[in-house]
$ cat model-v7.cif   # mmCIF, C-alpha atoms
data_input
#
loop_
_atom_site.label_atom_id
_atom_site.label_comp_id
_atom_site.auth_asym_id
_atom_site.auth_seq_id
_atom_site.Cartn_x
_atom_site.Cartn_y
_atom_site.Cartn_z
CA MET A 1116 -122.98 -25.77 -130.75
CA ILE A 1117 -121.85 -28.54 -128.39
CA ILE A 1118 -118.13 -28.92 -127.87
CA VAL A 1119 -116.35 -31.69 -126.00
CA ILE A 1120 -113.09 -30.66 -124.33
CA ILE A 1121 -110.45 -33.28 -123.61
CA PRO A 1122 -107.43 -32.09 -121.62
CA ALA A 1123 -104.60 -34.54 -122.35
CA PHE A 1124 -101.06 -35.09 -121.19
CA ASN A 1125 -99.16 -38.03 -122.68
CA GLU A 1126 -102.37 -39.89 -123.55
CA GLY A 1127 -101.38 -41.03 -127.03
CA LYS A 1128 -102.51 -44.59 -126.28
CA ARG A 1129 -106.05 -43.67 -125.26
CA VAL A 1130 -107.03 -40.26 -126.57
CA GLY A 1131 -107.89 -41.46 -130.10
CA ASP A 1132 -110.69 -43.75 -128.88
CA VAL A 1133 -112.07 -41.05 -126.56
CA VAL A 1134 -112.15 -38.53 -129.43
CA GLN A 1135 -113.89 -40.94 -131.78
CA SER A 1136 -116.53 -41.98 -129.28
CA SER A 1137 -117.14 -38.33 -128.28
CA LEU A 1138 -117.59 -37.12 -131.86
CA ALA A 1139 -120.85 -39.06 -132.13
CA HIS A 1140 -122.43 -36.85 -129.45
CA CYS A 1141 -121.19 -33.32 -130.23
CA ASP A 1142 -120.36 -30.90 -133.01
CA ARG A 1143 -116.67 -30.50 -132.33
CA VAL A 1144 -114.02 -32.08 -130.12
CA ILE A 1145 -111.14 -30.02 -128.79
CA VAL A 1146 -108.12 -31.81 -127.38
CA VAL A 1147 -105.88 -29.58 -125.30
CA ASP A 1148 -102.47 -31.17 -125.54
CA ASP A 1149 -100.83 -30.04 -122.32
CA GLY A 1150 -97.20 -30.16 -123.37
CA SER A 1151 -97.16 -33.90 -124.08
CA THR A 1152 -93.91 -35.55 -125.06
CA ASP A 1153 -95.61 -38.43 -126.87
CA ASP A 1154 -97.83 -38.48 -129.98
CA THR A 1155 -101.02 -37.29 -128.20
CA ALA A 1156 -101.55 -34.34 -130.58
CA ALA A 1157 -101.03 -36.38 -133.75
CA VAL A 1158 -103.30 -39.22 -132.58
CA ALA A 1159 -106.05 -36.79 -131.54
CA ARG A 1160 -105.85 -34.93 -134.84
CA ARG A 1161 -106.06 -38.17 -136.82
CA ALA A 1162 -109.12 -39.18 -134.79
CA GLY A 1163 -110.91 -35.99 -135.83
CA ALA A 1164 -110.25 -33.54 -132.99
CA GLU A 1165 -109.05 -29.98 -133.17
CA VAL A 1166 -105.85 -29.83 -131.19
CA ILE A 1167 -104.64 -26.88 -129.17
CA SER A 1168 -101.12 -27.42 -127.88
CA HIS A 1169 -99.57 -25.88 -124.80
CA SER A 1170 -95.86 -25.35 -125.32
CA GLN A 1171 -95.30 -26.43 -121.70
CA ASN A 1172 -97.07 -28.73 -119.28
CA LEU A 1173 -99.28 -26.55 -117.08
CA GLY A 1174 -101.67 -29.02 -115.46
CA ALA A 1175 -105.22 -30.31 -115.85
CA GLY A 1176 -106.84 -27.09 -114.63
CA ALA A 1177 -104.98 -24.83 -117.02
CA ALA A 1178 -105.62 -27.23 -119.92
CA THR A 1179 -109.34 -27.32 -119.13
CA MET A 1180 -109.49 -23.51 -119.02
CA THR A 1181 -107.75 -23.34 -122.40
CA GLY A 1182 -110.43 -25.65 -123.79
CA ILE A 1183 -113.17 -23.50 -122.24
CA GLU A 1184 -111.64 -20.34 -123.73
CA ALA A 1185 -111.40 -22.01 -127.15
CA ALA A 1186 -115.03 -23.13 -126.90
CA ARG A 1187 -116.08 -19.54 -126.13
CA ARG A 1188 -114.19 -18.29 -129.19
CA MET A 1189 -115.94 -20.93 -131.29
CA ARG A 1190 -119.26 -19.60 -129.91
CA ALA A 1191 -120.20 -22.89 -128.26
CA SER A 1192 -123.39 -22.96 -126.21
CA VAL A 1193 -122.52 -26.08 -124.22
CA ALA A 1194 -119.14 -27.58 -123.30
CA VAL A 1195 -118.51 -31.04 -121.92
CA THR A 1196 -115.20 -31.97 -120.31
CA ILE A 1197 -114.11 -35.60 -120.26
CA ASP A 1198 -110.88 -37.33 -119.24
CA ALA A 1199 -108.49 -38.46 -121.96
CA ASP A 1200 -107.62 -41.80 -120.35
CA GLY A 1201 -110.89 -43.48 -121.29
CA GLN A 1202 -112.17 -44.02 -117.74
CA HIS A 1203 -115.46 -42.30 -118.63
CA SER A 1204 -117.92 -43.46 -121.23
CA ALA A 1205 -118.56 -40.88 -123.95
CA GLU A 1206 -121.86 -42.70 -124.60
CA GLU A 1207 -123.12 -40.96 -121.46
CA ILE A 1208 -122.60 -37.45 -122.85
CA PRO A 1209 -126.34 -37.17 -123.79
CA LEU A 1210 -127.22 -37.76 -120.11
CA PHE A 1211 -125.16 -34.67 -119.24
CA LEU A 1212 -126.66 -32.59 -122.03
CA ALA A 1213 -130.30 -33.37 -121.21
CA PRO A 1214 -130.63 -31.24 -118.02
CA ILE A 1215 -128.98 -28.30 -119.80
CA LYS A 1216 -131.15 -28.59 -122.90
CA GLU A 1217 -134.25 -28.81 -120.68
CA GLY A 1218 -133.15 -25.65 -118.87
CA ARG A 1219 -132.86 -27.39 -115.49
CA ALA A 1220 -129.12 -26.95 -114.91
CA ASP A 1221 -126.23 -24.60 -115.58
CA ILE A 1222 -123.64 -27.20 -114.67
CA VAL A 1223 -123.83 -30.98 -114.55
CA PHE A 1224 -121.49 -33.02 -112.37
CA ALA A 1225 -120.84 -36.74 -112.74
CA ASN A 1226 -121.43 -38.98 -109.76
CA ARG A 1227 -119.44 -42.21 -109.92
CA PHE A 1228 -120.63 -43.31 -106.51
CA SER A 1229 -124.36 -43.51 -107.11
CA ARG A 1230 -123.96 -46.46 -109.47
CA LYS A 1231 -122.47 -49.89 -108.98
CA ASN A 1232 -118.93 -49.12 -110.07
CA VAL A 1233 -115.84 -51.02 -109.06
CA ILE A 1234 -113.83 -48.24 -107.48
CA PRO A 1235 -110.65 -49.02 -105.52
CA LEU A 1236 -110.85 -48.18 -101.82
CA ILE A 1237 -107.97 -45.71 -102.04
CA ARG A 1238 -109.81 -43.82 -104.77
CA ARG A 1239 -112.95 -43.68 -102.63
CA LEU A 1240 -110.84 -42.31 -99.80
CA TYR A 1241 -109.23 -39.64 -102.02
CA ASN A 1242 -112.64 -38.58 -103.23
CA ALA A 1243 -114.09 -38.44 -99.72
CA VAL A 1244 -111.22 -36.19 -98.58
CA GLY A 1245 -111.57 -34.13 -101.78
CA ASN A 1246 -115.31 -33.70 -101.20
CA LEU A 1247 -114.73 -32.65 -97.60
CA ILE A 1248 -112.09 -30.05 -98.48
CA THR A 1249 -114.24 -28.80 -101.33
CA PHE A 1250 -117.16 -28.38 -98.94
CA LEU A 1251 -114.98 -26.52 -96.42
CA VAL A 1252 -113.73 -24.00 -98.97
CA SER A 1253 -116.90 -23.63 -101.04
CA GLY A 1254 -119.73 -24.31 -98.61
CA LEU A 1255 -121.33 -26.59 -101.20
CA TRP A 1256 -121.52 -30.37 -101.00
CA VAL A 1257 -121.05 -32.24 -104.27
CA ASN A 1258 -121.03 -36.04 -104.12
CA ASP A 1259 -118.24 -36.44 -106.67
CA SER A 1260 -116.46 -33.11 -106.75
CA GLN A 1261 -113.17 -34.46 -108.15
CA CYS A 1262 -114.49 -36.10 -111.34
CA GLY A 1263 -113.37 -34.60 -114.66
CA PHE A 1264 -116.61 -35.46 -116.48
CA LYS A 1265 -118.79 -32.32 -116.43
CA ALA A 1266 -121.06 -30.29 -118.66
CA PHE A 1267 -121.34 -26.51 -118.70
CA GLY A 1268 -124.44 -24.72 -119.95
CA PRO A 1269 -124.36 -21.28 -121.62
CA ILE A 1270 -124.24 -19.30 -118.35
CA ALA A 1271 -121.55 -21.43 -116.72
CA LEU A 1272 -119.53 -21.54 -119.92
CA GLN A 1273 -119.57 -17.76 -120.10
CA ASP A 1274 -118.75 -17.08 -116.45
CA LEU A 1275 -116.29 -19.86 -115.62
CA ASP A 1276 -112.83 -18.64 -114.65
CA ILE A 1277 -110.43 -21.41 -113.58
CA ARG A 1278 -107.27 -19.97 -112.07
CA MET A 1279 -105.81 -23.10 -110.52
CA SER A 1280 -103.54 -24.99 -112.87
CA GLY A 1281 -103.48 -28.46 -111.33
CA PHE A 1282 -106.07 -30.96 -110.13
CA GLU A 1283 -107.31 -28.35 -107.62
CA PHE A 1284 -109.44 -26.93 -110.42
CA CYS A 1285 -112.22 -29.44 -109.64
CA THR A 1286 -112.68 -27.79 -106.26
CA GLU A 1287 -112.47 -24.36 -107.86
CA ILE A 1288 -115.31 -25.23 -110.24
CA VAL A 1289 -117.55 -26.16 -107.29
CA ARG A 1290 -116.60 -22.88 -105.68
CA GLU A 1291 -117.46 -21.00 -108.87
CA ALA A 1292 -120.79 -22.82 -109.01
CA ARG A 1293 -121.56 -21.67 -105.50
CA GLN A 1294 -120.43 -18.09 -106.06
CA HIS A 1295 -122.33 -17.68 -109.32
CA ARG A 1296 -125.33 -19.61 -107.93
CA TRP A 1297 -125.43 -21.95 -110.92
CA ARG A 1298 -128.12 -24.59 -110.91
CA ILE A 1299 -126.46 -27.95 -110.32
CA ILE A 1300 -127.49 -31.45 -111.27
CA GLU A 1301 -125.53 -34.63 -110.58
CA VAL A 1302 -125.76 -37.50 -113.03
CA PRO A 1303 -124.86 -41.09 -112.09
CA THR A 1304 -122.11 -42.32 -114.37
CA LYS A 1305 -120.12 -45.45 -114.88
CA VAL A 1306 -116.37 -45.46 -114.57
CA VAL A 1307 -113.81 -48.01 -115.63
CA TYR A 1308 -110.60 -48.22 -113.65
CA SER A 1309 -107.88 -50.16 -115.41
CA GLU A 1310 -104.23 -50.62 -114.56
CA TYR A 1311 -103.55 -47.82 -117.03
CA THR A 1312 -105.93 -45.29 -115.44
CA LEU A 1313 -104.80 -46.20 -111.93
CA ALA A 1314 -101.16 -45.73 -112.90
CA LYS A 1315 -102.00 -42.33 -114.42
CA GLY A 1316 -103.99 -41.24 -111.39
CA GLN A 1317 -102.90 -39.17 -108.42
CA SER A 1318 -100.50 -40.57 -105.86
CA PHE A 1319 -100.93 -40.02 -102.12
CA ALA A 1320 -98.21 -37.34 -102.15
CA ASN A 1321 -99.95 -35.55 -105.02
CA GLY A 1322 -103.25 -35.75 -103.16
CA VAL A 1323 -101.74 -34.11 -100.08
CA LYS A 1324 -100.09 -31.45 -102.26
CA THR A 1325 -103.40 -30.77 -104.00
CA ALA A 1326 -105.25 -30.51 -100.68
CA LEU A 1327 -102.70 -28.01 -99.34
CA LYS A 1328 -102.87 -25.96 -102.53
CA ILE A 1329 -106.65 -25.80 -102.31
CA LEU A 1330 -106.54 -24.61 -98.71
CA LEU A 1331 -103.80 -22.09 -99.41
CA ARG A 1332 -105.35 -20.69 -102.56
CA SER A 1333 -108.76 -20.40 -101.00
CA PHE A 1334 -107.28 -17.69 -98.80
CA LEU A 1335 -105.43 -15.99 -101.64
CA ARG A 1336 -108.55 -15.15 -103.66
CA MET B 476 -108.88 5.53 -70.24
CA PRO B 477 -106.16 7.40 -72.20
CA LEU B 478 -105.61 5.83 -75.61
CA THR B 479 -102.17 5.33 -77.15
CA PRO B 480 -101.68 6.01 -80.90
CA TYR B 481 -101.24 2.22 -81.32
CA GLN B 482 -104.69 1.62 -79.81
CA ILE B 483 -106.20 4.03 -82.30
CA VAL B 484 -104.32 3.11 -85.50
CA VAL B 485 -104.46 -0.69 -85.26
CA PRO B 486 -108.27 -0.98 -84.78
CA ILE B 487 -108.82 1.51 -87.65
CA VAL B 488 -106.56 -0.57 -89.95
CA CYS B 489 -108.38 -3.74 -88.85
CA ILE B 490 -111.79 -2.18 -89.56
CA ILE B 491 -110.60 -1.14 -93.04
CA LEU B 492 -109.38 -4.70 -93.72
CA ILE B 493 -112.67 -6.19 -92.48
CA VAL B 494 -114.66 -3.82 -94.71
CA TYR B 495 -112.35 -4.75 -97.61
CA ALA B 496 -112.91 -8.48 -96.97
CA TRP B 497 -116.70 -8.01 -96.97
CA ASN B 498 -116.43 -5.89 -100.08
CA LEU B 499 -114.69 -8.83 -101.80
CA ALA B 500 -117.39 -11.16 -100.50
CA LEU B 501 -120.15 -8.92 -101.89
CA ARG B 502 -118.37 -8.88 -105.24
CA LYS B 503 -118.29 -12.70 -105.00
CA LYS B 504 -114.49 -12.82 -104.92
CA LYS B 505 -114.45 -14.44 -101.47
CA THR B 506 -116.79 -16.92 -99.85
CA ILE B 507 -118.72 -16.01 -96.71
CA LEU B 508 -116.74 -18.66 -94.79
CA GLU B 509 -113.39 -17.07 -95.66
CA THR B 510 -114.73 -13.59 -94.97
CA LEU B 511 -115.88 -14.72 -91.53
CA PHE B 512 -112.39 -16.15 -90.91
CA TRP B 513 -110.69 -12.86 -91.81
CA THR B 514 -113.29 -10.89 -89.83
CA MET B 515 -112.48 -12.97 -86.75
CA PHE B 516 -108.72 -12.72 -87.35
CA TRP B 517 -108.58 -8.92 -87.80
CA GLY B 518 -111.27 -8.47 -85.13
CA LEU B 519 -109.07 -10.33 -82.62
CA ILE B 520 -106.06 -8.15 -83.51
CA ALA B 521 -108.20 -5.04 -82.99
CA VAL B 522 -109.59 -6.32 -79.68
CA ILE B 523 -106.09 -7.14 -78.37
CA ALA B 524 -104.84 -3.70 -79.43
CA PHE B 525 -107.76 -1.96 -77.72
CA TRP B 526 -107.97 -4.15 -74.60
CA PRO B 527 -104.40 -5.51 -74.09
CA HIS B 528 -105.41 -7.53 -71.03
CA VAL B 529 -107.27 -9.91 -73.37
CA ALA B 530 -103.80 -11.10 -74.38
CA SER B 531 -103.29 -12.45 -70.88
CA TYR B 532 -105.98 -15.05 -71.59
CA LEU B 533 -104.04 -15.90 -74.75
CA SER B 534 -100.81 -16.20 -72.74
CA VAL B 535 -102.48 -18.90 -70.66
CA LEU B 536 -103.43 -20.69 -73.86
CA THR B 537 -100.15 -20.25 -75.73
CA GLY B 538 -97.60 -20.14 -72.90
CA ILE B 539 -96.23 -16.76 -74.03
CA ALA B 540 -95.61 -15.37 -70.57
CA ASP B 541 -92.84 -12.78 -70.93
CA GLN B 542 -91.74 -10.06 -73.33
CA GLU B 543 -88.87 -12.09 -74.83
CA ASN B 544 -91.27 -14.83 -75.81
CA ALA B 545 -93.67 -12.29 -77.22
CA ALA B 546 -90.88 -10.70 -79.30
CA SER B 547 -89.86 -14.12 -80.70
CA VAL B 548 -93.44 -14.94 -81.59
CA THR B 549 -93.85 -11.53 -83.22
CA PHE B 550 -90.79 -12.10 -85.42
CA ILE B 551 -91.97 -15.59 -86.32
CA GLY B 552 -95.28 -13.95 -87.25
CA ILE B 553 -93.49 -11.41 -89.46
CA LEU B 554 -91.50 -14.18 -91.17
CA PHE B 555 -94.72 -16.15 -91.64
CA PHE B 556 -96.31 -13.12 -93.29
CA MET B 557 -93.28 -12.68 -95.58
CA VAL B 558 -93.44 -16.32 -96.70
CA PHE B 559 -97.18 -15.93 -97.23
CA TYR B 560 -96.56 -12.80 -99.33
CA LEU B 561 -93.91 -14.60 -101.42
CA ILE B 562 -96.28 -17.51 -102.03
CA MET B 563 -98.93 -15.01 -103.13
CA ARG B 564 -96.51 -13.46 -105.60
CA LEU B 565 -95.50 -16.91 -106.90
CA GLU B 566 -99.15 -17.80 -107.37
CA GLU B 567 -99.70 -14.60 -109.32
CA LEU B 568 -96.68 -15.30 -111.54
CA GLU B 569 -97.84 -18.89 -112.11
CA GLN B 570 -101.24 -17.62 -113.21
CA ARG B 571 -99.68 -15.05 -115.55
CA HIS B 572 -97.46 -17.77 -117.00
CA ALA B 573 -100.47 -20.04 -117.58
CA LYS B 574 -102.37 -17.21 -119.29
CA LEU B 575 -99.40 -16.50 -121.54
CA VAL B 576 -98.97 -20.14 -122.61
CA ARG B 577 -102.77 -20.34 -123.16
CA GLU B 578 -102.87 -17.22 -125.31
CA VAL B 579 -99.95 -18.42 -127.46
CA ALA B 580 -101.65 -21.82 -127.91
CA LEU B 581 -105.00 -20.24 -128.84
CA GLN B 582 -103.43 -17.75 -131.25
CA ARG B 583 -101.46 -20.54 -132.91
CA ASN B 584 -104.72 -22.47 -133.28
CA ASP B 585 -106.54 -19.43 -134.75
CA HIS B 586 -103.68 -18.95 -137.20
CA HIS B 587 -103.82 -22.63 -138.18
CA GLU B 588 -107.63 -22.43 -138.70
CA ASN B 589 -107.33 -19.28 -140.83
CA ASN B 590 -104.65 -20.90 -142.99
CA SER B 591 -106.67 -24.07 -143.51
CA SER B 592 -109.82 -22.10 -144.44
CA HIS B 593 -107.97 -20.13 -147.20
#

$ encode --input "model-v7.cif" --output "structure tokens"
Amino acid sequence: MIIVIIPAFNEGKRVGDVVQSSLAHCDRVIVVDDGSTDDTAAVARRAGAEVISHSQNLGAGAATMTGIEAARRMRASVAVTIDADGQHSAEEIPLFLAPIKEGRADIVFANRFSRKNVIPLIRRLYNAVGNLITFLVSGLWVNDSQCGFKAFGPIALQDLDIRMSGFEFCTEIVREARQHRWRIIEVPTKVVYSEYTLAKGQSFANGVKTALKILLRSFLR
Amino acid sequence: MPLTPYQIVVPIVCIILIVYAWNLALRKKKTILETLFWTMFWGLIAVIAFWPHVASYLSVLTGIADQENAASVTFIGILFFMVFYLIMRLEELEQRHAKLVREVALQRNDHHENNSSH
């Protein structure tokens, strides 16, 4: 069974479209409503997703782990995570599933930088810093470590344990991949940055906070 | 060279902590990079305890030349450790909180699924 996990926080405007376009490529869609104060849960449910609601906002990492745990309980064999703001194209889900189905990968990362995408300079900078920090704490270089679009094969789905609640979880997943020696494949993907997605994205202050948390937590584990 | 109890106890504690760090690394709970960092850190403490004159090289580097300075730095170090310990505890509590909210959400979902299937 293939399950798409969509962690969402106040994404009522976009999550419906993401659910509908994802449903064409999987068996079930789980939306983890991370304590939203808008109609995210209702919109997602109407679009055909199963909604799991956090009573409080915990962060993208915690929401993703809730989705992973739900997928395990539903006996999923493959899980795909995708952002709720519509910046990724669900039409590309089959590209992520192919290496897993062919037995070539345990985890598939997106790579927004190996295709001609219009990515703002500040975003490129954030990602470069994110990649560097990720490499320092994990010892593994991933070209687009901070992207939320990923696919987990049966082994990765079983073993994954995300402890970081916020955006640091992307780095933690790379670290898990290294520690568990999962086979990794990176897939070029397209990304669409709109005013909406840019406004929802991380600020500079958040980026610094995330970087510090990653460095701190890497010594706590 | 007569050894003081300090010169015996501190290196033993450091060796135990280094073995513990490598044990975590072997159980894949720490990366090799972090383990090397802690090995160097505790190794340096052990070396300074065993050969105190090594600290004189450090005094050139850090400017800690007299005992008063050394005492201040030691207390700052203790405070640093306490803050570090508090952050660790906060992290642990945050993780427990996340697990609790997750479990409630998943159980509520299971309950909802069971009700809709009946």

$ resolve_selection --input "model-v7.cif" --expression "the PyMOL selection byres ((chain A) within 8 of (chain B))" --output "JSON, numbers by chain"
{"A": [1166, 1167, 1168, 1169, 1170, 1171, 1173, 1177, 1181, 1185, 1252, 1253, 1254, 1278, 1279, 1280, 1294, 1295, 1333, 1334, 1335, 1336]}

$ closest_residue --input "model-v7.cif" --among "B:Ser547, B:Gln482, B:Asn590, B:Pro477" --to "B:Pro527" --atoms "all atoms listed in the file"
B:Gln482

$ atom_distance --input "model-v7.cif" --atom1 "atom CA of A:Gly1182" --atom2 "atom CA of A:Ile1120"
5.7 Å

$ residues_around --input "model-v7.cif" --residues "A:Ala1162" --least-positions-apart "3" --cutoff "6 Å" --atoms "all atoms listed in the file" --output "list in words"
Gly1131, Gln1135 and Ala1159 of chain A

$ atom_distance --input "model-v7.cif" --atom1 "atom CA of A:Arg1293" --atom2 "atom CA of B:Phe556"
29.3 Å

$ atom_distance --input "model-v7.cif" --atom1 "atom CA of A:Asn1246" --atom2 "atom CA of A:Thr1286"
8.2 Å

$ resolve_selection --input "model-v7.cif" --expression "the PyMOL selection byres ((chain A and resi 1226) around 8)" --output "mmCIF file with C-alpha atoms, in the coordinates of the input"
data_model
loop_
_atom_site.group_PDB
_atom_site.id
_atom_site.type_symbol
_atom_site.label_atom_id
_atom_site.label_comp_id
_atom_site.auth_asym_id
_atom_site.auth_seq_id
_atom_site.Cartn_x
_atom_site.Cartn_y
_atom_site.Cartn_z
ATOM 1 C CA PHE A 1224 -121.490 -33.020 -112.370
ATOM 2 C CA ALA A 1225 -120.840 -36.740 -112.740
ATOM 3 C CA ARG A 1227 -119.440 -42.210 -109.920
ATOM 4 C CA PHE A 1228 -120.630 -43.310 -106.510
ATOM 5 C CA SER A 1229 -124.360 -43.510 -107.110
ATOM 6 C CA ARG A 1230 -123.960 -46.460 -109.470
ATOM 7 C CA ASN A 1258 -121.030 -36.040 -104.120
ATOM 8 C CA ASP A 1259 -118.240 -36.440 -106.670
ATOM 9 C CA CYS A 1262 -114.490 -36.100 -111.340
ATOM 10 C CA GLU A 1301 -125.530 -34.630 -110.580
ATOM 11 C CA VAL A 1302 -125.760 -37.500 -113.030
ATOM 12 C CA PRO A 1303 -124.860 -41.090 -112.090
ATOM 13 C CA THR A 1304 -122.110 -42.320 -114.370
#

$ resolve_selection --input "model-v7.cif" --expression "the PyMOL selection byres ((chain A and resi 1214-1221) around 7)" --output "list of chain:residue names"
A:Phe1211, A:Leu1212, A:Ala1213, A:Ile1222, A:Val1223, A:Phe1267, A:Gly1268, A:Ile1270, A:Ala1271, A:Trp1297, A:Arg1298, A:Ile1299, A:Ile1300

$ closest_residue --input "model-v7.cif" --among "A:Ala1326, A:Lys1231, A:Arg1296, A:Cys1141" --to "A:Glu1206" --atoms "all atoms listed in the file"
A:Cys1141

$ closest_residue --input "model-v7.cif" --among "B:Leu561, B:Leu501, B:Ala524, B:Leu519" --to "B:Ile483" --atoms "only C-alpha atoms"
B:Ala524

$ residues_around --input "model-v7.cif" --residues "A:Arg1143" --least-positions-apart "5" --cutoff "9 Å" --atoms "all atoms listed in the file" --output "ChimeraX atom specification"
/A:1116-1120,1137-1138,1163-1165

$ closest_residue --input "model-v7.cif" --among "B:Ile493, B:Val529, B:Leu536, B:Leu478" --to "B:Met515" --atoms "all atoms listed in the file"
B:Ile493
